[in-house]
Every structure is written in C-alpha cells, then in structure tokens.
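Encoded as structure tokens, the structure appears first; notes follow it.
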Amino acid sequence: MTTLLDLKSSVLRQVQRSQSLRSRREPPPTASSPLTHCPDPLPRSGTLINSPSMAAISPYQYLMGLPSTPPPWVSEESMEFFERVNAILQKQENMLRAAQAERASFSLRVSVMKAKNLMAKDANGYSDPYCMLGILVGQSPREMEEKKERKFSFRKRKEKLEKRSSTKEVLPAKCIQVTEVKPETLNPVWDEHFVLDHDDDVSVAEACKKLNEVSGLRGMGSRWQCYSSHHRTQRVCYSLLLRLLRTIDAEWDPATVRGDLERQLSDSFRLYTEHCLCLMKNMRQIFPCTSAAAITRYELMLRGVGYMQNMRAFKTVCPLRNELHLDITTAVKKGSAEWYESLIARYKPEEGDVVHHPLTMQTLEEQLKKLVHVVDGVCADMQRARNIYNQLFYSAVKVDFFSISYRQLEKQVADDVNVAMERVCGTLEQESSRLTQTMGETIFELFMSLKILKGFREFLPLKDAKMLALTVFHNWFKSSIHKWLQIIHDRSCDRIRIAVETDKLEPVHQAKHSSSAVEVTACLSQVREIWLQLAWPDSAGAFIFITRLTDNFCSEAVCYSEMITRKIERNQLGRDHKSFTVQLCVGLNNTEHVRVFLGHLPRDLDWQGVERAMEESCGVEGKEQVYKALNGQLFNMDLDLQREAKRLITLLTDKMLPELRRYIQHISLSPDSINNDDAVSPLMKYLQDTMVILTENLVKENLTRVLQSMWELLLRMILDAVAENRGVQVEFYNRFQYTVETLLQFFHVKGEGLTLEDMKSGEYKVLDEELRLNKCSSFELIEQYYLEKISQQKTLKHTRYGRISVKCYYDAPEQRLTVEILHAADIIALDANGLSDPFVIVELCPHHLFPMAKSQRTQVKLKTLHPVFDELFYFHVSPEQYRHRFACLTFTVMDYDWLSTNDFAGEAVAPLSDFCWPGRPNATPAGKSVQPFILHLSRSKPSEKPIMRMLDARIGDREAQEFVRRLKEIEKSMEEE
C-alpha cells in the first residue's frame with residue numbers, strides 16, 4: 001500500500017510540473033527545423049527563432065542580449081542568411097531539447113499506466129482507478145461518478161470472463177477471437193460481444209468438455225501452441241504469453257514430454273521466435289516510441305523472448321537455437337539497414353531525372369539537401385534508440401541495441417555522403433564552377449548533421465568507438481569549408497557596409513558607441529560561433545582555417561573603421577563644433593569597441609590549442625609559425641585601427657586648431673600688466689568646455705588618446721610661439737612657463753587623466769628646455785653651452801677627426817695652471833696635397849669667467865697629419881674660477897693657410913675640475929711625471945644648437961653677439977671646405 005501511495009504522489013507531482021505538456025499546443029515545425037524532414041519527427045518545442053518563448057527574438061538579439069526586434073540597419077537578405085545559419089547551429093540543441101521533451105512525455109505516460117495497473121490490484125482486487133485519473137486529467141466529480149457507474153457494470157462481465165479463463169480448457173484456433181486492444185494498461189478490461197464460428201460442427205459445449213479433459217503440462221503446452229500460433233496473425237496480450245511460458249517452465253518434466261508434444265513445442269517455439277524476430281526487424285513501424293502502449297507491448301514481447309531463451313523446455317526441445325541473442329542482433333542489424341534503405345528511397349531522384357539532367361551544381365545541391373534530411377532522420381532515430389529502445393533490449397534480452405544500430409546506420413550514411421562529397425569536390429575543381437551561397441549553406445548543414453551523428457559515438461563502448469566510418473569525415477569537406485568561409489566573409493562585408501550606411505552615429509542602448517559597432521560585433525560573434533560549432537577535430541589542420549578566419553575578421557574590422565572615418569569626414573561640413581565633436585567621439589568608440597572585441601580572438605579561437613597541435617606534428621618550428629602568423633595578423637590589424645583612430649583624432653584637433661591658436665596668441669600678446677591667470681583663463685575655459693563633451697561621449701581608452709593628442713598639439717603651438725618671439729623680455733617666457741604648468745595639471749586631473757610620466761616626455765622636454773634657456777642671461781647661456789660641450793666630450797670615442805695628447809697640472813700656491821701639448825694624430829687633411837699644416841690654439845673658457853686670460857697657440861707643423869708639439873703654456877687660475885663646472889680648457893686644431901683664413905680642423909674641451917681641484921697632481925717634480933690624457937677631436941656645427949639661436953636673437957647684447965660671431969666664423973670655415 002505504501003508503494004502505491006508513493007507512486008500516486010510521484011505521478012501527481014510530475015503532472016503538476018508538466019501541465020504544459022497537456023494544455024499547450026505545440027507550434028508546427030518550421031522549414032528550417034532540423035527535424036522537419038525526419039520520417040518520424042520527435043515532439044519538439046521549435047527552433048530558437050520559432051519557439052513560443054522566443055518568438056520575437058532574432059539571432060541578433062539572442063547573441064547580443066537585446067530585447068528588441070531585429071535592427072532596422074541590417075538588410076533583410078543579410079539577416080535571412082545569418083538566421084538560416086543560426087538555425088543550422090541550433091540543430092543539435094533543438095534535437096536534445098526535443099528528445100528530452102519526448103522522454104519526459106513518454107515517462108509520464110508510462111508512470112500513469114503503471115499507476116492505473118497498481119490501483120487495479122489493491123487489497124479488494126477491484127479498486128477504482130478513476131479517482132486518481134480524474135485528478136490527473138482535471139475531470140469534475142460528476143464525470144468521475146458517471147465513469148464509476150459504467151465501470152461497475154463492466155466488472156460483472158469481467159468476472160464472467162475471468163471465471164471462463166480459469167477453467168482448464170483448450171479451444172481450437174478457429175474458436176478464438178481477440179478483443180480490441182486496450183492501450184496504456186497491463187490488465188485490460190473489455191465489454192465486447194463475439195459470435196463464435198462452429199466450423200466442423202464443433203459446439204462451444206463440446207469444446208469446453210474437451211478442454212476439461214486436458215490438464216497439466218500438456219494443457220499448458222496446448223494453450224501456448226494455440227495462443228502463440230494465433231499471435232502470428234492477430235494481436236495477443238504478451239503478458240498472457242509470458243505467464244504461459246512461466247507456467248510451462250514451472251511444470252516442466254522432460255520425462256513426460258515425448259513424441260508429438262515435443263515436436264509441437266519445438267515448432268511453436270521456433271515459429272514464435274521467428275515471428276518475434278520479424279517484429280523486431282520492423283519494430284520502428286510496429287512499435288513506435290511515440291506510443292507508450294506500443295512500447296509497453298514491445299517490452300513484454302522482449303521479456304517473453306528473453307525468458308524463453310533461458311527456459312529448460314526451450315533448451316530441451318530446441319537444442320540448436322541456444323544462441324538466440326545472435327539472432328536478435330542479426331534482426332536488429334538487418335532491420336536498421338532496411339529502415340535506412342526505406343528512408344533514403346524517399347529522397348532518391350526519379351530515374352528519368354538522372355538521364356535527362358547531367359550532374360550539375362544544381363542537381364548536386366538537391367542531392368545534398370536530401371542527404372541532410374536522411375542524416376537528420378538517422379540522428380533522430382539514434383536519439384530514440386538511446387533513450388528508449390536500448391533500455392528495453394538490454395534489460396530484456398541483454399542486447400546492446402544502440403551500438404548495433406549505430407554501427408550499421410553510421411556505415412551506410414558515411415558511404416552515401418562520401419560518394420556525394422567526392423562529386424562535389426570534383427565539380428568545384430572545374431574552372432567554370434563556383435560555390436553558390438545556397439550550396440554553401442547546404443554543405444554546412446550537412447557537415448553539422450554529420451557532426452551530430454558522429455557525436456553519438458560517445459555512448460558506445462570504448463572498443464566500438466574506434467575506427468568508425470565517420471571518424472575522419474571532416475576531410476571530405478576541406479575544400480568546401482574554405483569556400484564556405486569566403487561566402488560568410490562576403491555576406492559579413494555586405495552586412496557591415498549596410499550597417500555603416502544606415503548608422504546615424506548616435507549612441508545606442510546607453511552605450512557610447514553607435515548601432516554599426518553593435519552590428520559588426522554581432523556579425524563577428526555569429527561567424528565565431530559558426531567556427532566553434534564546426535569544432536574542427538584536427539587541431540593542426542585547423543591552423544589554415546583559423547588563419548583564414550583571423551584574416552577575415554581583421555580585414556572586416558579595418559574596412560569598417562575606414563568606412564566610419566570616411567562617413568564622418570563627409571559629415572563634418574555644415575556641423576557646429578559640439579555636434580561634430582560628438583560624432584567624432586562615437587566614431588572613435590566604434591573603432592575601439594571592435595578592436596577590444598577582436599582582442600579576444602586568441603582565446604575565442606583557441607590559438608594555444610593550435611600551437612600545441614602544430615608543435616606535436618611539426619615541432620617547435622610549427623609552433624613558431626602559428627604564433628608569428630596569427631599574432632602578426634592581429635598586430636597589423638591593431639596598427640590599422642589605431643591609424644584610423646588617429647585620423648579621427650586629427651579631424652577633431654584640426655577643428656579645434658583655429659580656436660587654440662587664437663587663445664595662444666592672446667597669451668603671447670597679453671601685456672605684462674595682466675597677471676598670468678587672466679592671460680591663461682580664456683584658453684582654460686575653452687579646454688574645460690571641450691573636456692565636458694569628451695568625458696561624456698568617449699570611453700576611457702579613447703579619452704586618454706584624445707587628451708594626449710591635445711596635449712602634444714598645445715606643446716607644439718607654444719613651442720612655435722616661443723620660437724617666433726626669441727630675444728624678448730624674460731616675463732614673456734615666464735608667462736608661457738606658467739601656461740605649461742597649468743596645462744600639465746589640467747590634463748593630469750589629479751591622477752585621473754594623463755600620467756605625469758607620459759606628459760613630461762618628448763616635446764615637453766624640448767619646450768621646457770627652451771623656456772628655461774630663454775629665461776637665462778647671455779652669460780648663463782654661454783655657460784650652458786660649455787656644459788653641453790664638456791658632456792659631449794666625455795662621450796666621444798675614436799672620431800674620424802683625430803686626437804690630441806696633453807698633460808695638465810696645477811700649482812696651487814702659485815695659482816698657476818701648466819698645459820703641456822705633446823702631439824696630435826690622425827687629424828684631417830685640409831690641403832690639396834692631402835696633408836695639413838696644423839697648429840693648436842689653447843684658451844680658458846668662457847671668456848667672461850677669465851677676462852684677463854689670453855689665448856695661446858703652438859707652432860705650426862708643416863705638411864703632417866701627426867704633428868709633435870711638446871710645448872708648455874701657463875695660465876693664471878684662481879680657486880674661485882676653477883670651482884665652476886663650466887670652467888674649461890679648449891683645444892682648437894687649425895690648419896695654417898698664409899693666403900687666406902686658417903681652416904678649422906677640430907676641437908676638444910677639458911674641464912678644469914679634472915686637474916685643478918685640491919689633491920690633483922701639482923707642479924712639483926712628482927706632479928710633472930703624471931700620465932698624459934687623450935682628447936678626441938670633434939667638428940659640430942654651432943648653429944644646430946638651440947643656445948646658438950637664442951644668443952643670435954639677442955641683437956642688443958654685445959657679449960652674446962661676440963660669442964655668436966666667433967662660432968659663426970668656425971662654421972663658415974667648415975662650410976668653405
């Protein structure tokens with residue numbers, strides 16, 4: 001009783017949870033449904049697009065998560081293409097969903113039947129099942145009472161039938177008639193009237209009298225022979241046959257079975273098993289899984305066959321049929337083969353079609369479409385085999401129905417598809433043939449259907465899952481997939497083009513990018529999903545496809561960015577600054593949105609998996625080839641997108657250029673009486689207003705790029721303003737120094753904008769140095785000039801202008817510096833004879849630090865490039881003078897020319913701190929033994945230095961002009977050479 005109550009509760013809960021299975025109408029399958037063309041389609045809830053819960057959601061919305069109708073900016077033709085592809089991708093998911101629904105529905109019906117049968121066998125023997133069934137189907141109490149009354153009248157007649165069946169009687173076959181089949185029950189109740197035929201003058205009374213005379217094993221054998229024989233022409237309750245078999249097995253006594261009885265039992269067992277094997281072979285038509293009653297009858301039949309092959313009686317009277325499970329295996333295999341032939345016969349072309357229509361791309365396409373229907377039908381059959389039939393076979397007769405059927409059907413499918421794809425490849429190799437879009441869709445759908453069919457092998461035993469016919473089926477599609485990817489690329493480009501044309505460059509869905517960016521990423525997502533669903537099994541072979549896909553993605557992204565840029569360039573005419581700035585921001589965000597999406601390609605397309613596969617097959621070189629090829633494509637794409645982003649930013653800054661020039665000129669022309677804040681405030685107000693627009697409309701990455709570009713533009717403009725106003729008052733440079741510092745803080749935004757490290761590089765250093773030097777006096781600039789010369793001298797090594805060897809030591813008590821010029825070597829030839837007449841000028845610099853020191857010179861050494869001088873020179877140097885970092889000795893090598901001015905051969909400098917500082921060698925005899933040092937000569941042009949230009953601009957400064965004059969003479973000498 002407890003079991004009965006538990007089952008009632010379980011069934012009731014299932015019905016309450018699955019009420020929609022009864023009340024909801026299933027939508028008709030669509031043309032794109034993967035199961036539409038199956039011979040016996042499974043119950044299903046429709047495809048993704050046509051299901052009741054997602055009727056208004058397109059693949060675009062499904063991928064992007066947007067609760068709206070299909071976007072108006074996508075062409076209808078393009079959307080239809082991607083919707084068809086998406087329906088193909090959903091095929092496996094739809095099949096699984098339909099199989100789950102069918103299995104749940106089937107389990108529910110079986111549970112209801114078991115509940116009815118259990119309730120018909122309670123303690124009273126006649127417990128009424130209608131109370132619970134009324135709850136299950138939602139009937140009213142009145143309807144339940146009426147059914148109870150009808151049921152009560154049925155019971156009396158049932159009792160009479162049961163009493164008659166309990167008698168020990170055997171009826172001839174002609175006296176047996178079968179009642180109507182009562183589905184969904186193991187204990188049927190009939191209310192039927194029969195008229196018995198009395199052939200050969202056999203009356204009912206005489207038949208009953210004869211039956212009463214037969215009892216025991218002979219009576220059971222006679223009943224079995226009678227019912228099993230009748231089973232071959234009419235339906236018989238298999239539970240009755242199973243009870244007869246159990247009775248025979250229980251009363252079996254080999255000693256009493258002789259002669260005719262043994263022969264009759266042997267014949268009846270043989271005929272019964274042969275008929276059952278025939279039913280097994282055609283079970284898909286006779287026992288469809290859509291009927292729970294049929295499956296219940298089939299299960300009882302299988303249990304009867306399984307019980308028979310273990311009976312002592314069967315083994316005794318049929319000793320040659322001990323391997324009944326092999327006959328069952330043969331029947332299953334043959335039945336699967338015949339079912340497949342009947343399935344494929346539905347789609348075979350008429351004989352006349354083959355004769356009158358040659359094998360063209362069009363006829364091939366029709367053949368492939370029919371193969372798609374066939375493969376889908378096989379997949380649906382395999383789903384039923386795994387969910388329903390296999391459990392029945394294994395539990396009843398210990399036969400793996402699924403493995404047998406799958407191996408048989410998989411081989412037949414592989415043979416047919418292989419032949420068709422060979423024809424396709426042969427046709428596509430012809431120069432005049434090309435893969436059309438519809439043909440590509442058909443090939444892709446066929447590939448996906450085969451992939452689903454191949455996926456069933458995971459339910460096979462491990463030993464059976466190897467070396468099946470579909471193991472390498474993907475190799476049949478290599479050339480076709482290449483052309484299919486090209487079709488997808490063409491359709492994607494068309495879709496992107498239309499998205500750009502219809503884009504209003506307005507942010508959508510609370511984002512900062514526009515509709516075209518959403519459409520591009522949606523399109524790329526769908527293409528990526530196509531590849532992921534393909535799941536190409538050969539990782540090393542997938543390298544060429546992934547390279548092709550990556551190249552397509554990159555070219556599509558760059559093409560999209562270029563089209564957006566051109567669209568914005570065309571739209572700039574007649575637009576005010578604010579609206580145009582907003583459009584530029586949207587365009588930048590579009591490019592960035594696509595760039596970020598493509599940045600995930602290495603993960604989405606599993607580049608690492610391809611690298612590992614190539615490394616295993618081709619070694620380290622193969623891995624490096626994959627890395628360079630794929631990352632090179634992505635790197636070049638990123639450069640192209642950044643180039644387009646710079647074009648848009650340049651459009652923005654060019655639009656701002658007139659206003660910025662006006663504000664920079666305002667700062668430059670502001671009189672000294674105006675404080676710095678008032679002079680800079682118009683510029684900062686304009687930048688602040690622009691910053692508000694940029695912050696509201698740009699994503700962070702683009703905001704950083706735009707701010708960096710604006711910062712660099714302002715630095716160049718200020719640098720130009722300073723260069724145009726050299727030699728003015730120091731206050732002019734102080735004001736621009738203040739402007740730069742203010743801009744620095746503005747763009748830094750307390751750490752939320754540009755980093756100080758990024759801003760204080762490049763042109764900032766040049767401008768900062770320019771402002772700092774322009775604020776210096778002429779003497780300070782000259783000192784800075786010599787500091788740079790000293791610093792440059794320390795970096796010189798092995799110049800082509802030669803070198804000079806000198807020795808210096810300082811006599812501190814006398815404050816006297818002794819300079820000994822020893823010799824020079826490898827100086828340049830400045831005379832026509834290939835030699836020079838060199839001499840050396842030595843002097844203390846800068847002159848304003850040593851006003852009393854005179855320059856001194858060595859003797860001229862004629863016609864040599866390696867002169868030896870060995871001359872001493874003395875200079876008075878006080879400690880206050882040599883302590884300066886810029887105090888130095890300069891050695892200028894000149895070529896003597898008695899007809900014209902002397903030529904400049906090179907120069908070198910040596911800071912006084914190297915030998916005048918306390919503790920350095922002095923003029924004592926020990927100091928005179930110090931080692932000489934080598935100075936490499938250089939010939940730099942003074943005019944190339946900014947300090948030279950600043951001093952030259954100071955026309956009224958005598959020291960500055962004198963210094964510039966001397967340097968210009970040297971440079972002029974170099975130019976004359």
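In the structure tokens, the first chain shown is A, the next is B, and so on; residue numbers restart at 1 for each chain, and ligands run from 1 in the order shown.
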Residue contacts of Thr901 (chain A) (10 Å, only C-alpha atoms) excluding same-chain residues fewer than 6 positions away, as an NGL selection string: :A and (895 or 969 or 973)
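Residues within 10 Å of Val399 (chain A), counting only C-alpha atoms and excluding same-chain residues fewer than 4 positions away, are His325, Leu326, Ile328, Thr329, Val332, Asn390, Gln391, Leu392, Phe393, Tyr394, Ser395, Ser403 and Ile404 of chain A.
The residue that comes closest to Arg263 (chain A), out of A:Lys797, A:Gln225, A:Thr233, A:Arg297 and on the basis of only C-alpha atoms, is A:Gln225.
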All alpha helix (DSSP H) residues (DSSP, backbone) inside region 659-783 of chain A, as an MDAnalysis selection string: chainID A and resid 659:669 676:697 700:723 730:748 756:759 763:774 778:783
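Using only C-alpha atoms, the shortest contact distance between His866 (chain A) and any of A:His848, A:His823, A:Arg218, A:Arg603 is found at A:His823.
Nearest to Lys504 (chain A) of all the residues A:Val692, A:Met79, A:Val586, A:Val740 is A:Val586, based on only C-alpha atoms.
Interatomic distance, CA of Ile828 (chain A) to CA of Asn902 (chain A): 13.9 Å.
You can rank A:Arg726, A:His482, A:His748, A:Lys281 by their closest distance to Glu770 (chain A) using only C-alpha atoms, and at the top of that list sits A:Arg726.
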Selected residue of minimal separation from Arg495 (chain A) among A:Phe82, A:Phe444, A:Tyr406, A:Trp252, counting only C-alpha atoms: A:Phe82
Strand (DSSP E) call set, DSSP backbone run, region 781-844 of chain A, as a PyMOL selection string: chain A and resi 803-811+816-825+838-844
Store the residues picked out above in a file with N, CA and C atoms, as a compact mmCIF listing (two decimals), in the first residue's frame.
# COMPACT_ATOMS: atom_id res chain seq x y z
N ARG A 803 92.96 63.04 -32.79
CA ARG A 803 93.02 63.17 -31.33
C ARG A 803 94.27 63.98 -30.98
N ILE A 804 94.26 64.51 -29.76
CA ILE A 804 95.39 65.31 -29.27
C ILE A 804 95.77 64.82 -27.89
N SER A 805 97.08 64.76 -27.64
CA SER A 805 97.58 64.27 -26.35
C SER A 805 98.14 65.46 -25.58
N VAL A 806 97.62 65.69 -24.33
CA VAL A 806 98.05 66.82 -23.50
C VAL A 806 98.30 66.34 -22.08
N LYS A 807 99.03 67.23 -21.33
CA LYS A 807 99.29 66.97 -19.92
C LYS A 807 99.07 68.27 -19.16
N CYS A 808 98.28 68.23 -18.08
CA CYS A 808 97.95 69.44 -17.31
C CYS A 808 98.20 69.17 -15.83
N TYR A 809 98.78 70.17 -15.15
CA TYR A 809 98.93 70.08 -13.69
C TYR A 809 98.90 71.50 -13.14
N TYR A 810 98.43 71.59 -11.91
CA TYR A 810 98.12 72.89 -11.29
C TYR A 810 99.02 73.12 -10.08
N ASP A 811 99.61 74.30 -10.02
CA ASP A 811 100.44 74.72 -8.87
C ASP A 811 99.56 75.60 -8.00
N ARG A 816 98.78 78.62 -10.60
CA ARG A 816 99.22 78.58 -11.99
C ARG A 816 98.89 77.21 -12.58
N LEU A 817 98.28 77.26 -13.73
CA LEU A 817 97.93 76.04 -14.46
C LEU A 817 98.92 75.86 -15.60
N THR A 818 99.60 74.71 -15.64
CA THR A 818 100.56 74.41 -16.70
C THR A 818 99.91 73.44 -17.67
N VAL A 819 99.95 73.80 -18.95
CA VAL A 819 99.36 72.95 -20.00
C VAL A 819 100.49 72.56 -20.94
N GLU A 820 100.68 71.28 -21.11
CA GLU A 820 101.74 70.77 -21.98
C GLU A 820 101.05 70.04 -23.15
N ILE A 821 101.21 70.60 -24.35
CA ILE A 821 100.64 69.97 -25.54
C ILE A 821 101.72 69.11 -26.16
N LEU A 822 101.49 67.81 -26.14
CA LEU A 822 102.51 66.87 -26.57
C LEU A 822 102.46 66.67 -28.08
N HIS A 823 101.36 66.10 -28.57
CA HIS A 823 101.30 65.82 -30.01
C HIS A 823 99.85 65.59 -30.40
N ALA A 824 99.62 65.49 -31.70
CA ALA A 824 98.30 65.17 -32.26
C ALA A 824 98.47 64.05 -33.27
N ALA A 825 97.36 63.38 -33.60
CA ALA A 825 97.45 62.24 -34.51
C ALA A 825 96.17 62.13 -35.32
N PRO A 838 99.15 71.92 -39.32
CA PRO A 838 98.36 72.11 -38.09
C PRO A 838 99.10 72.93 -37.04
N PHE A 839 98.30 73.63 -36.25
CA PHE A 839 98.74 74.23 -35.00
C PHE A 839 97.54 74.20 -34.05
N VAL A 840 97.80 74.43 -32.75
CA VAL A 840 96.77 74.29 -31.73
C VAL A 840 96.61 75.59 -30.98
N ILE A 841 95.36 76.05 -30.82
CA ILE A 841 95.04 77.22 -30.01
C ILE A 841 94.48 76.70 -28.69
N VAL A 842 95.06 77.12 -27.57
CA VAL A 842 94.58 76.71 -26.26
C VAL A 842 94.14 77.97 -25.51
N GLU A 843 92.96 77.90 -24.88
CA GLU A 843 92.44 79.06 -24.15
C GLU A 843 91.51 78.60 -23.04
N LEU A 844 91.30 79.49 -22.07
CA LEU A 844 90.39 79.26 -20.96
C LEU A 844 89.02 79.81 -21.34
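For the atom pair formed by CA of Lys91 (chain A) and CA of Cys554 (chain A), the distance is 29.1 Å, given to one decimal.
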Counting only C-alpha atoms, the option among A:Asp551, A:Glu880, A:Glu724, A:Asp689 closest to His577 (chain A): A:Asp689
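When CA of Pro671 (chain A) is paired with CA of Lys685 (chain A), their separation reads 20.0 Å.
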Polymer residues at most 10 Å from His509 (chain A), only C-alpha atoms, same-chain spacing of 4 or more positions, as a list in words: Leu66, His513, Ser514, Ser515 and Val518 of chain A
Residue neighbourhood Lys454 (chain A), 9 Å, only C-alpha atoms, exclusion window fewer than 6 positions, as a VMD selection string: chain A and resid 410 470 to 471
